[in-house]
Each structure stands twice: as C-alpha cells, then as structure tokens.
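Some notes on the structure that comes next.
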Amino acid sequence: MVRTRFAPSPTGYMHIGNLRTALYAYLIAKSQRGAFILRIEDTDRERYMETAVSVIFSSLESAGLKWDEGPGVGGAYGPYTQSERMGEYVRWAEALVEKGMAYYCFCDKDRLKTSREQNAQSGYDGRCRSIDRNEAAERVKRGEPHVVRQLIPEGVSVFHDAVYGDITIDNAELEDQTLLKSDGMPTYNFANVIDDHLMNITHVVRGAEYLSSTPKYNLLYDAFGWRKPIYIHLPHILDEAGEKLSKRDGSASFQDLLDMGFLPEAVLNYIALLGWSPRENKEFFTLDELVEAFDINGLSKAPAIFDAVKLKWMNGEYIKKMPPEVFYALARPYLENTVTREGVDLKTLAEMMRTRVEFVKDCAEPLDFIDRLPDYSAELYRHKKMKTDEKNSLISLESVVAELEAIDDWSENAVHEALITLAEKLGVKNGRILWPARVALSGKQSTPCGATEILALLGKEESLRRLKIGVDKLRVCP
RNA sequence: GGCCCGUUGGUCAAGUGGUUAAGACACGGCCCUUUCACGGCUGUAACAGGGGUUCGAGUCCCCUACGGGUCACCA
C-alpha cells in the first residue's frame, strides 16, 4: 500500500509551497487508495513555536486534507510527533556507531569553523573519525559534549527520482553530517529517515531543496539494510520577481491568503496547477477530482511563479459557481453592514454582485449608494456613447420625473415600461433617458445594476427625491 | 566558487522525432447591453543562444548563457 507523509516543522506559518507539498503527498497516496500521514518534526527546540502546530492542523483542515494517521487521529505507527520518539533516534544512532557507519565527534563550534575554512569544499574534515572506538565511548560516558556523525564512504551515489530522473552525485560532495546533536536531539535528516522507515513510508514527497542531500539519506538506508522509498522531489514556487516566495509578498502563507479573502478551494485548485498539469485540458478541480485525475507524470521540473492575478480570477470563478444561498450566506454580513434601507432585499443584492466580484468582501462597497446618495459632479451626466451631456440630461430628467410621479404601480416592470415608452415618445434612444436617470439615482459612474432596478430598490419617494436633486444640479449648470 | 537541477508567449502550461507549436490568466478589438460586470467571438505574443545526430529536432547529445537549489549541532 502506498503511504505518503507530510512532515512539517512547527516553526511558523504554513507556507504556500509547503501546503502544495502536502497536497501532492495527499494526492499521490489517495490516487492509489493509500494512506496520508501527518508527522510533526519538532526537533529544533530553538525555532519551535507552539502555535505553529495548530496552524498546521487548521491549514490542513481548511484545505480539506485529512490525514489518516497522525496527531489527533492516532495510528499503528505512533507517536507521530518526533519529540515523543526520542528513544528511537538514540537507539538507531548507536546501532549505526556499532556498525561503524557513524562516529562520535567532539569538535566544538570553533573547531568546526576553522575546519570549514581550511576545507571549504567538503565541509567537516572528519577529524574525529580516527578516534579509537573505545576511547570515544569512554569520553561519551564521562559526559564530554559530542554529536554523532554519519560516516560518508568514498564513492559515487546514484539514485532515481520520480520527477527528475537519475541523479549522480560524488560522495566527496557530501559531508559527514550530524545525526544526533549535542542536546541529544536528532537532526531533521536523521529523524526523517528513521521515521520514514519505521512508519513504512513508501513515497517520500518533498521540496527540490533535498535533491542534493538525498544520497545521504540513501547511505543511511543502506547502512541499516532498509528498503529505500520512492523519491518525488517538487520544484519550488517563486514570487513575481522569480525569487523564493517570502512573507514580504503578503501572500506567502495560506492563512494570509484566506485572510485576504481567497477561498480555500480556489487556493488549493490554483496551487495544484502550479507544478502539475492534468492529462485532460481542464482547470477546475474539486479535491476529489484532483485525486481522480492526479498522475505523477504531470509533475514539472521547473520552478513556477505564483501569479496572484490568476488566483484572483480563479477565486472569482469559484464565486460565480457558488450556489446563490452559499454566496448569500458569505456576503450577508458585508451587505448588512452597508445597506440598511428598509424594504431592500439583500438576497437580490447578493445575486447582483455574484458575477462582479473576485472577493466576497467586495460585494458591499458598490452598493453603498443605496443608503445615501453620494455627492457627485454634474460631469457624470456626460457620456459619449450614450450621447448625453448636462443639457439634454436635464431635459431627460425633467420628463422622467413628470412621467414617474404619475405612476402608482412601482414594480420593476412597470417603471421600466414607463421609461421605455417615454424614450419612444421623445424619439430618443433608451440611453438618453436611462443614463441620466441612473446617474441621478446613484450618483456613481457605474453601478451593479441599471436605472430601473435602482428605482425598484429605492421606492417611489426616495427615487423621486434623488431625481429632483439631479434636476436641480443640472439647472445650475452653465 | 564546487556540485545538483532547470530554461516553450509577461505568467501558468500542453507537447515524449514529422503539429498551421494547444489551452488558461493578463492585455487589445468586436458583439451583447440602460452604466459596470457576466457571456460570446477574435487578435498580439513563445521553443534562451550556438554546435552536432537525423531525411527531419521544442523534443536526443555537447558547449555557452541565464535562473534556481545545495554546501549547518535549520528543517
């Protein structure tokens, strides 16, 4: 059975690239009816943030990525938080020392620094390799500060990556990396291998930054005689400048995106397509559809640039596809805040806005004229295509007022009918009547609905009041 | 700098030796239309450069350029 894992480190917010890694790990597992595991890699005590753990949970939850095993849900391979698995790491590190594939190192920070300076190419010079095994054990027992290092043998490492193909790296490029830190905690590289093996992970899905250190992992698997997983490295997501996506872009974290008003489904859909493309030429996917369509062959090798403009478009598309009740439920708080006029149906307004917004939160501002007529300039009456100006608008408005004052039935159909026949009577195009009316009623350059809808919305009394204000405004125009 | 990886329109991308080199976003035009949107139609725009291999190369090989990654007691 395919088993993948998402193994974040709780050191801050959920980067969008991380979320995409989680998504792909999830899809790879689920598309094969496998299991998706969540493991918390909290071995860095200095960078650890308690709140970051809940950020991970809530991000995955709002993205809909349910983990089959992990914190909160348990599983046969727990615990799933590395700080609770310390015994394993120490035990296996010692086993490695026994096998002669790792050794105790007593070099302190200063010594490491000078070693690197002299030995810039290959990092640590391996001085402690030559310490006698018994002597080293003795020094450890005495409590001398030490780390455990992996012994990298000479030779050449070759491995296969499902995305990048065969990769060859000379072991001379690899350093004798630290496995166990002096505080007794394992490094990421070590704990990762131990847990992936112990948790029976079959496919390791992670960012491309691990590509060049993969041979170190494989050397560890080999040293233990363990079966190596299938590697799936993912290209990075970059910002508009082609640099690593950072907080500065204001869109680096999933949470930021949600706070900005993006819908989780839209974000997930968008990032799924950043670095992967389906066989079929299709771009709207629910999570289940992604599971259905996902194929490792569609993963790309080149980094992708995060395009907020396209995400916005996609968010708008999701809004357009929403059932009216769903959109209304989301829009209602904003609408209630802006439109309080009696008799106005907010549901109708919500439907008006559906096709006009990319964010739910933008649904109210265009409707602010309903409560109060804004102070507007008479220049608004000038419109080239409608062939209107201050002069003929005055004439139009005066006749509109006269026509509407006489009307008793104030339904949308009735007022529309009245204005159309008025235009006919005057022998002008509809626009000559309707543009000035809309301006007088709304005081805005553009509105999400036309003059007749606004009339119906405002009611007779308020409509006529506004139309008369328009007439007055135009009368004083030179 | 060494090593690893990458490079198709501004962006996401299809393309697996023979295509008029898809599609989407963005941008422009037209249509619809009582404004703004929506919707429909349409246009501009790409194989980083140079050498090979081949009857034939975006697709295979080499070099160059550019970009990214990595070289921690961080993950």
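Going through the structure tokens in order, the chains are called A, B, and so on, while each chain numbers its residues from 1 and the ligands are numbered from 1 in the order shown.
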Output as CSV one row per residue of range 14-69 of chain B within 12 Å of range 341-364 of chain A: the closest atom pair and its distance in Å to one decimal place, counting only C-alpha atoms (C1' of nucleotides), sorted by chain and residue number ascending.
residue,atom,partner,partner_atom,distance
B:C36,C1',A:Arg356,CA,8.3
B:A37,C1',A:Arg356,CA,4.9
B:C38,C1',A:Thr355,CA,5.7
B:G39,C1',A:Thr355,CA,10.5
Practice item. Residues of chain B no more than 10 Å from chain A, counting only C-alpha atoms (C1' of nucleotides): send them over as an MDAnalysis selection string. Key: chainID B and resid 1:7 11:14 22:26 34:38 67:75
Task: Shortest interatomic distance to C60 in chain B - which of B:U16, B:U33, B:U44, B:U8, counting only C-alpha atoms (C1' of nucleotides) - done: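 Using only C-alpha atoms (C1' of nucleotides), C60 in chain B sits closest to B:U16.
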Spatial neighbours of Val55 in chain A, 9 Å, only C-alpha atoms (C1' of nucleotides), chain gap at least 4 places, as a PDB file with N, CA and C atoms, in the first residue's frame:
ATOM      1  N   PRO A  10       7.104  22.728  12.957  1.00  0.00           N
ATOM      2  CA  PRO A  10       6.273  23.802  13.517  1.00  0.00           C
ATOM      3  C   PRO A  10       7.096  25.026  13.903  1.00  0.00           C
ATOM      4  N   GLY A  12       6.453  28.210  12.345  1.00  0.00           N
ATOM      5  CA  GLY A  12       5.825  29.461  11.951  1.00  0.00           C
ATOM      6  C   GLY A  12       4.563  29.210  11.180  1.00  0.00           C
ATOM      7  N   TYR A  13       4.373  29.974  10.126  1.00  0.00           N
ATOM      8  CA  TYR A  13       3.133  29.863   9.381  1.00  0.00           C
ATOM      9  C   TYR A  13       3.241  28.765   8.321  1.00  0.00           C
ATOM     10  N   MET A  14       2.145  28.487   7.664  1.00  0.00           N
ATOM     11  CA  MET A  14       2.134  27.466   6.623  1.00  0.00           C
ATOM     12  C   MET A  14       2.384  28.109   5.265  1.00  0.00           C
ATOM     13  N   THR A  51       2.275  27.604  18.708  1.00  0.00           N
ATOM     14  CA  THR A  51       1.124  27.978  17.881  1.00  0.00           C
ATOM     15  C   THR A  51       1.234  27.417  16.471  1.00  0.00           C
ATOM     16  N   SER A  59      -4.633  24.641   8.905  1.00  0.00           N
ATOM     17  CA  SER A  59      -4.411  24.818   7.475  1.00  0.00           C
ATOM     18  C   SER A  59      -4.817  23.567   6.706  1.00  0.00           C
ATOM     19  N   LEU A  60      -4.381  22.426   7.187  1.00  0.00           N
ATOM     20  CA  LEU A  60      -4.726  21.189   6.502  1.00  0.00           C
ATOM     21  C   LEU A  60      -6.231  20.957   6.539  1.00  0.00           C
ATOM     22  N   GLN A 255      -2.689  31.081   5.348  1.00  0.00           N
ATOM     23  CA  GLN A 255      -3.552  31.873   6.209  1.00  0.00           C
ATOM     24  C   GLN A 255      -3.692  33.309   5.702  1.00  0.00           C
TER      25      GLN A 255
END
Near Asn134 in chain A, within 12 Å and counting only C-alpha atoms (C1' of nucleotides), which residues show up once chain neighbours fewer than 6 positions away are dropped, as a PDB file with N, CA, C and O atoms, in the first residue's frame?
ATOM      1  N   VAL A  97      26.647   3.511  15.032  1.00  0.00           N
ATOM      2  CA  VAL A  97      28.013   3.609  15.525  1.00  0.00           C
ATOM      3  C   VAL A  97      28.607   2.207  15.644  1.00  0.00           C
ATOM      4  O   VAL A  97      29.750   1.955  15.256  1.00  0.00           O
ATOM      5  N   GLU A  98      27.783   1.286  16.153  1.00  0.00           N
ATOM      6  CA  GLU A  98      28.192  -0.120  16.264  1.00  0.00           C
ATOM      7  C   GLU A  98      28.648  -0.671  14.920  1.00  0.00           C
ATOM      8  O   GLU A  98      29.658  -1.339  14.798  1.00  0.00           O
ATOM      9  N   TYR A 103      30.020   7.899  13.867  1.00  0.00           N
ATOM     10  CA  TYR A 103      31.026   8.011  14.926  1.00  0.00           C
ATOM     11  C   TYR A 103      30.754   9.222  15.802  1.00  0.00           C
ATOM     12  O   TYR A 103      30.037  10.140  15.405  1.00  0.00           O
ATOM     13  N   TYR A 104      31.340   9.167  17.001  1.00  0.00           N
ATOM     14  CA  TYR A 104      31.184  10.302  17.910  1.00  0.00           C
ATOM     15  C   TYR A 104      32.157  11.389  17.513  1.00  0.00           C
ATOM     16  O   TYR A 104      33.310  11.117  17.170  1.00  0.00           O
ATOM     17  N   VAL A 140      32.421   9.747  25.892  1.00  0.00           N
ATOM     18  CA  VAL A 140      30.971   9.963  25.916  1.00  0.00           C
ATOM     19  C   VAL A 140      30.435   9.656  27.310  1.00  0.00           C
ATOM     20  O   VAL A 140      29.642  10.404  27.874  1.00  0.00           O
ATOM     21  N   LYS A 141      30.905   8.561  27.857  1.00  0.00           N
ATOM     22  CA  LYS A 141      30.445   8.132  29.167  1.00  0.00           C
ATOM     23  C   LYS A 141      30.787   9.168  30.236  1.00  0.00           C
ATOM     24  O   LYS A 141      30.035   9.419  31.156  1.00  0.00           O
TER      25      LYS A 141
END
In terms of only C-alpha atoms, the residue from A:Val2, A:Leu419, A:Leu38, A:Ala414 at minimal distance from Ala456 in chain A is A:Ala414
